[in-house]
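Written out below as structure tokens is the structure these notes cover.
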Number of protein chains: 2
Amino acid sequence: VSALEALAAALPPGAVVTDPAVLADYRQDRALDPDAATPLAVVLAERTADVQAAVRWAAEHRIPVVPRGAGSGLSGGATAVEGGIVVSTERMRGVAIDPTTRMAVVQPGLLNAELKREAARLGLWYPPDPASFEFCSIGGNVATNAGGLCCVKYGVTTDYVLGLEVVLSDGTAVRLGGDRLKDVAGLSLVKLFVGSEGTLGIITEITLRLLPAAPPSRTVSAWFDSTAEAGAAILEIASAIRPSMLEYMDHLSIDAVEDELALGLDREAAAWVIARSDEQDPEGREVRIMLDAFARHGARVSEAPGEEGERLAHARRIAIPSVEKRGRLLLSDVGVAIPRLADLIAGVEAIAAEHRVEIAFIAHAGDGNTHPLVLVGDGDPDHERRAHVAYGEIMSLAIRLGGTITGEHGVGKLKRPWLADQVGDDVIALTQRIKDALDPLGILNPGTIFEAPPKGTTHAR
Amino acid sequence: VSALEALAAALPPGAVVTDPAVLADYRQDRALDPDAATPLAVVLAERTADVQAAVRWAAEHRIPVVPRGAGSGLSGGATAVEGGIVVSTERMRGVAIDPTTRMAVVQPGLLNAELKREAARLGLWYPPDPASFEFCSIGGNVATNAGGLCCVKYGVTTDYVLGLEVVLSDGTAVRLGGDRLKDVAGLSLVKLFVGSEGTLGIITEITLRLLPAAPPSRTVSAWFDSTAEAGAAILEIASAIRPSMLEYMDHLSIDAVEDELALGLDREAAAWVIARSDEQDPEGREVRIMLDAFARHGARVSEAPGEEGERLAHARRIAIPSVEKRGRLLLSDVGVAIPRLADLIAGVEAIAAEHRVEIAFIAHAGDGNTHPLVLVGDGDPDHERRAHVAYGEIMSLAIRLGGTITGEHGVGKLKRPWLADQVGDDVIALTQRIKDALDPLGILNPGTIFEAPPKGTTHAR
């Protein structure tokens, strides 16, 4: 039997797909890497045992395995690799919530929005809210340690993960952590696997803590003629309080969203900042601090009560898809300490001018995590080349400002070439030692975070 | 030159101590392990380079290194080992706080209370609050991922750690993470080192996030005739809201504290629960929920306003030292999911009765993390033996209830024999692979978390 026949035999009927038309759909994630390969096969896992069988087979045959959740990743972490298979968890959608302990046990293919809805039905709340929450999976969120708009007050995915089931590179399944709120028994392996982007194991079950229902919040909207003044107001607010949302959009993204929604957003403004407070304080101290700071920095500022606040938050959430309608994007997520935010904004403007590309700029401003969106253009190769140069220079700029090349999307395959510039060769070496210890054959998601083993090797070290 | 002369030559004058009277002070931490060895030498590091020199020397000579903060550990993580040195960070006390970014950069020897005070001077707050906060170090807190009373709402140490400098087992110093609030560039190495108890590296600098000043809180006090009813009330409250404190003390610990403070605590009560809410809600919804739940379960309940609330919280904080005055303790920190808390309380009572030992029971009840305190007795060997049996049976009980052998103190050397029972042999094997990758010579804190290499070996694997 061929290797692929052996794979099919090891899995339930229908779980292994080799139809070329289907395989084409599993080449790329939302990063749309043009260098993506076509996988040998896609495994549509329905249970942990399916993932184990696929990984065991891959280890035996030295075949690369690319784990895939909903395929919504923006750094190419699920880009298929030459001669490899894709293991998709999209059919693993189980969810069980215990309202007494406020914990959810979920399978990795469950969408973030599905968990939010299940939790809400029980009066509970799962805070992490990537802008893609309607179509990204919890497994992918955990694999990338995803963020979102809530992080400025409510933290990132890792802050909610209490336990994991993980299939290791030899097909063993282990359970890490569990339903204890505090547990320091042994190394923090749960935390190590969160954000490991499928390079150390494949996550097959997740225990998450939930919060009581989100408190009501008040929304403040501020329009600036100067991006620098917007940056200064953000720093002032973030230093004084913990807003539950503090988001930034530049001229280009305001314009793109207004094209979509016709809400009456101010197309003339240089920047828009939308901020929220969910403190249950009748005196509204936080709202007052926000209004004052915005006004002091020259903004046209107002509170947006009730439904209007919801409409504005929605406008922010659809900013990336709105800008996407103007053409293909190179989507970044660089971050800096908040005092460097204004420098980052100005530096990205300079990069756009120098390389004659349009770069929209959206930011989870309250935690310094930003989304410069580089427009690739309409097929002109020189424009595309300049866009890629700008994409790289934005990462180099973030590093020069003491920041990170990725605040919430992950390194994937697209950002790997810049990783050593940020963390240094000594940290790369340390990281590689952990990778080699846990994936000695190098079959798990090669090319993501770690340099892929040389082509044509058996991936054996 | 002898090996110890080479160590002294590699470090500043006075940094290497071999005076037997001093060495005796560095044999044990607060776990008071009677099997502690006397170290060959103590290195009183003043800077990262000192730690590097000591570790480089240790690697060259295959000498075990026990890292030590303030020596306040309760699981024997800093117990000296035969033929090893102790590297103490007690002189590394630097702290620099940036109020704009609300971040602190501290050296590991800084005491938790010192950081709290520095933060408070700037109107800021560092939440993690082990009961030992006046005399435990931040380095030790990070090494054990320490908890405290605030965790039920404000999380544990790892939730506040953004960056680390760590000296690895070959003496290399690496910087992990930093001052970015969101950063997913590469594996979550910061989180791996937090809680690694000095087995993967020695932490020499820590970047911490701080919060705005703690909001004022309201205190509720509830006296129970039945421990089971107290457990039921705790579950009800923890399911409904997120109190900022939810603590439990049993009859024996109430009695010990009242001996100390003469506050008029109810010595007749079977259990006392002290709860706090810091929601800034003028209607006091959380306080009402707490009062109602306590009353429904038969408690004598009242709100303790202002100074009285502070006095009661202090009474809880000094519970362990108060019980310690009754004799030497075996101090545990087992944890369970909150629905199992009442079973754990009852099970510990049964263990005390069966082995004829006194066990005081204190708990961070809101997160299921408990402190059964086994009184060892006054030197009667049979009593001491029975106390040790009870200490072990409490861990086995926690494991049977799906819980953890350690919620916040760490595995250290004392709890290591029970670790595999909790996490399983497959997780032990996975953990060992990481240990071997990062500390191939096995020189870092042997016997803590990991079984020590066999005696008389060179520690070379």
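Ordered as shown in the structure tokens, chains take letters A, B, and onward, while each chain numbers its residues from 1 and ligands are numbered from 1 in the order shown.
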
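The environment of Thr406 (chain A) within 6 Å, counting only C-alpha atoms and disregarding residues fewer than 6 places along the same chain, consists of Asp333 and Val334 of chain A; Val184 and Ala185 of chain B.
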
What does the file look like for those residues with N, CA, C and O atoms, as a PDB file, in the first residue's frame?
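Everything below was put into result-v1.pdb:
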```pdb
ATOM      1  N   ASP A 333       0.663  43.284  12.430  1.00  0.00           N
ATOM      2  CA  ASP A 333       0.140  43.448  13.785  1.00  0.00           C
ATOM      3  C   ASP A 333       1.267  43.806  14.736  1.00  0.00           C
ATOM      4  O   ASP A 333       1.360  43.284  15.840  1.00  0.00           O
ATOM      5  N   VAL A 334       2.142  44.703  14.271  1.00  0.00           N
ATOM      6  CA  VAL A 334       3.278  45.103  15.104  1.00  0.00           C
ATOM      7  C   VAL A 334       2.803  45.851  16.350  1.00  0.00           C
ATOM      8  O   VAL A 334       1.732  46.467  16.349  1.00  0.00           O
TER       9      VAL A 334
ATOM     10  N   VAL B 184       3.410  38.117  20.734  1.00  0.00           N
ATOM     11  CA  VAL B 184       3.355  36.668  20.492  1.00  0.00           C
ATOM     12  C   VAL B 184       4.479  36.228  19.559  1.00  0.00           C
ATOM     13  O   VAL B 184       4.343  35.237  18.847  1.00  0.00           O
ATOM     14  N   ALA B 185       5.592  36.966  19.587  1.00  0.00           N
ATOM     15  CA  ALA B 185       6.703  36.638  18.695  1.00  0.00           C
ATOM     16  C   ALA B 185       7.510  35.460  19.240  1.00  0.00           C
ATOM     17  O   ALA B 185       8.366  35.620  20.096  1.00  0.00           O
TER      18      ALA B 185
END
```

Counting only C-alpha atoms, what is within 12 Å of region 391-393 of chain B, bar same-chain residues fewer than 2 positions away, as a VMD selection string?
chain B and resid 329 to 334 344 347 to 352 354 to 355 357 to 360 371 to 376 384 to 389 395 to 400 405 414 to 419 421

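Among the candidates B:Ile345, B:Ala238, B:Ile274, B:Cys136, the one nearest to chain A when counting only C-alpha atoms is B:Ala238.
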
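Counting only C-alpha atoms and comparing B:Ala143, B:Leu200, B:Val257, B:Cys151, the residue that lies closest to Gly366 (chain B) is B:Cys151.
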
Using DSSP assignments from the backbone, pull out every residue in region 76-250 of chain A that falls under strand (DSSP E or B) and give it to me as a VMD selection string.
chain A and resid 85 to 88 95 to 98 103 to 106 111 124 to 125 137 161 to 167 173 to 177 202 to 209 211 to 212 218 to 224 245 to 250
